[in-house]
Amino acid sequence: MTARTLRLLRAGIWRSSVEWWSFRSFVITLVAGQTVTPLLGLFVWSSAVPGSSGITTYYVVLLAVQLVTVSFEHHTLANAIYGGEFAAELVKPRPVVLDLLATNLALRFWHLLFGLPVIVIVGLFAGVSLRGLDLLLALPAVVLAAALRFVFTYTLALSAVWMQRAHGAVGVGETLIFLLGGTAAPLTYLVGPLREIGVVLPFWSMLGAPAEVAAGNIREPLHVYATQAGWLVAFIVIAVVVWRRAVRRFTAFGG
């Protein structure tokens with residue numbers, strides 16, 4: 001990434017952060033929606049496995065990971081395609097993905113900021129204790145998960161060029177992340193092939209993996225990093241291919 005690209009990205013993040021601050025009431029609503037499933041998982045699994053500190057720690061960390069990896073490209077990108085603004089973005093002298101990435105990072109910042117009181121309160125009531133080393137080891141996993149989820153959602157949102165149901169496509173992806181990513185059930189508490197299959201699927205790498213590392217449930221985080229990096233490379237390749245085909249179709253048919 002060149003110095004000019006970094007400057008453009010920083011400027012985009014600042015501009016988007018200021019814009020979303022003016023819609024902070026709406027952002028708080030989005031944050032509340034994102035906290036529902038991790039909190040439900042916490043209540044359900046705490047009842048199913050009473051007295052397990054690992055469960056409570058995992059879900060509190062999962063809540064934080066959810067807030068810093070959430071992506072809304074089905075709104076920012078897909079709606080721009082449907083509304084025609086995408087055509088104007090294509091002729092600007094910078095990569096279209098820069099503005100989308102800047103908006104993504106700004107929204108994640110506000111999600112974490114507004115969600116922090118919830119994380120702290122739930123953590124205190126649940127008696128969560130985290131080791132500093134586990135948190136440090138989780139940082140690379142969080143970064144890789146955030147990048148992977150952005151590329152995944154971005155690719156699904158590009159389906160708006162071909163159909164009017166891009167929001168549904170992204171919704172299916174979010175459902176898979178919920179079911180197989182560690183929210184519906186922590187993978188470390190599953191046994192047999194369910195756990196083995198779940199660990200190698202990309203959905204766990206997008207959400208549950210960094211939470212497991214931060215909770216101290218992963219003994220060899222390097223394997224987690226390698227799996228996440230492998231999926232990230234694969235999805236970047238897919239995103240580039242889909243992007244090129246989407247642009248050709250959009251310019252040929254005008255959306």
# chains A, B, ... in the order shown; residues from 1 in each chain; ligands from 1

$ select_by_dssp --residues "region 8-134 of chain A" --states "helix (DSSP H, G or I)" --output "number ranges by chain"
A: 8-21, 24-48, 53-69, 73-83, 85-90, 96-126, 132-134

$ closest_atom_pairs --of "region 65-181 of chain A" --to "region 26-46 of chain A" --cutoff "12 Å" --atoms "only C-alpha atoms" --output "JSON lines"
{"residue": "A:Val65", "atom": "CA", "partner": "A:Pro38", "partner_atom": "CA", "distance": 9.9}
{"residue": "A:Gln66", "atom": "CA", "partner": "A:Gln34", "partner_atom": "CA", "distance": 7.1}
{"residue": "A:Leu67", "atom": "CA", "partner": "A:Gln34", "partner_atom": "CA", "distance": 6.8}
{"residue": "A:Val68", "atom": "CA", "partner": "A:Gln34", "partner_atom": "CA", "distance": 10.4}
{"residue": "A:Thr69", "atom": "CA", "partner": "A:Gln34", "partner_atom": "CA", "distance": 10.5}
{"residue": "A:Val70", "atom": "CA", "partner": "A:Gln34", "partner_atom": "CA", "distance": 8.1}
{"residue": "A:Ser71", "atom": "CA", "partner": "A:Gln34", "partner_atom": "CA", "distance": 10.7}
{"residue": "A:Phe72", "atom": "CA", "partner": "A:Leu30", "partner_atom": "CA", "distance": 10.3}
{"residue": "A:Ala106", "atom": "CA", "partner": "A:Val27", "partner_atom": "CA", "distance": 11.0}
{"residue": "A:Leu107", "atom": "CA", "partner": "A:Val27", "partner_atom": "CA", "distance": 8.0}
{"residue": "A:Arg108", "atom": "CA", "partner": "A:Val31", "partner_atom": "CA", "distance": 9.6}
{"residue": "A:Phe109", "atom": "CA", "partner": "A:Val27", "partner_atom": "CA", "distance": 10.7}
{"residue": "A:Trp110", "atom": "CA", "partner": "A:Val27", "partner_atom": "CA", "distance": 7.4}
{"residue": "A:His111", "atom": "CA", "partner": "A:Val31", "partner_atom": "CA", "distance": 5.6}
{"residue": "A:Leu112", "atom": "CA", "partner": "A:Val31", "partner_atom": "CA", "distance": 8.3}
{"residue": "A:Leu113", "atom": "CA", "partner": "A:Val31", "partner_atom": "CA", "distance": 9.6}
{"residue": "A:Phe114", "atom": "CA", "partner": "A:Ile28", "partner_atom": "CA", "distance": 6.6}
{"residue": "A:Gly115", "atom": "CA", "partner": "A:Val31", "partner_atom": "CA", "distance": 6.3}
{"residue": "A:Leu116", "atom": "CA", "partner": "A:Val31", "partner_atom": "CA", "distance": 10.1}
{"residue": "A:Pro117", "atom": "CA", "partner": "A:Val31", "partner_atom": "CA", "distance": 11.4}
{"residue": "A:Val118", "atom": "CA", "partner": "A:Thr35", "partner_atom": "CA", "distance": 8.5}
{"residue": "A:Ile119", "atom": "CA", "partner": "A:Thr35", "partner_atom": "CA", "distance": 9.2}
{"residue": "A:Ile121", "atom": "CA", "partner": "A:Leu39", "partner_atom": "CA", "distance": 12.0}
{"residue": "A:Val122", "atom": "CA", "partner": "A:Leu39", "partner_atom": "CA", "distance": 8.8}
{"residue": "A:Gly123", "atom": "CA", "partner": "A:Leu42", "partner_atom": "CA", "distance": 11.0}
{"residue": "A:Ala126", "atom": "CA", "partner": "A:Leu42", "partner_atom": "CA", "distance": 9.6}
{"residue": "A:Glu174", "atom": "CA", "partner": "A:Gln34", "partner_atom": "CA", "distance": 11.4}
{"residue": "A:Thr175", "atom": "CA", "partner": "A:Thr37", "partner_atom": "CA", "distance": 11.1}
{"residue": "A:Ile177", "atom": "CA", "partner": "A:Thr37", "partner_atom": "CA", "distance": 11.4}
{"residue": "A:Phe178", "atom": "CA", "partner": "A:Thr37", "partner_atom": "CA", "distance": 8.2}
{"residue": "A:Leu179", "atom": "CA", "partner": "A:Thr37", "partner_atom": "CA", "distance": 10.7}
{"residue": "A:Gly181", "atom": "CA", "partner": "A:Pro38", "partner_atom": "CA", "distance": 11.4}

$ residues_around --residues "Val224 (chain A)" --least-positions-apart "5" --cutoff "8 Å" --atoms "only C-alpha atoms" --output "list in words"
Ala141, Ser205 and Ala209 of chain A

$ atom_distance --atom1 "CA of Leu98 (chain A)" --atom2 "CA of Trp204 (chain A)"
26.0 Å

$ closest_atom_pairs --of "region 24-124 of chain A" --to "region 163-167 of chain A" --cutoff "12 Å" --atoms "only C-alpha atoms" --output "CSV"
residue,atom,partner,partner_atom,distance
A:Phe72,CA,A:His167,CA,9.9
A:Glu73,CA,A:His167,CA,9.3
A:His74,CA,A:His167,CA,5.6
A:His75,CA,A:His167,CA,7.8
A:Thr76,CA,A:His167,CA,10.9
A:Leu77,CA,A:Ala166,CA,9.8
A:Ala78,CA,A:Ala166,CA,6.6
A:Asn79,CA,A:Ala166,CA,9.1
A:Ala80,CA,A:Ala166,CA,11.7
A:Ile81,CA,A:Gln164,CA,10.0
A:Tyr82,CA,A:Gln164,CA,8.0
A:Gly83,CA,A:Gln164,CA,11.5

$ residues_around --residues "region 234-237 of chain A" --least-positions-apart "5" --cutoff "9 Å" --atoms "only C-alpha atoms" --output "list of chain:residue names"
A:Leu148, A:Val151, A:Phe152, A:Thr155, A:Ala229, A:Val242

$ atom_distance --atom1 "CA of Leu6 (chain A)" --atom2 "CA of Asn104 (chain A)"
15.2 Å
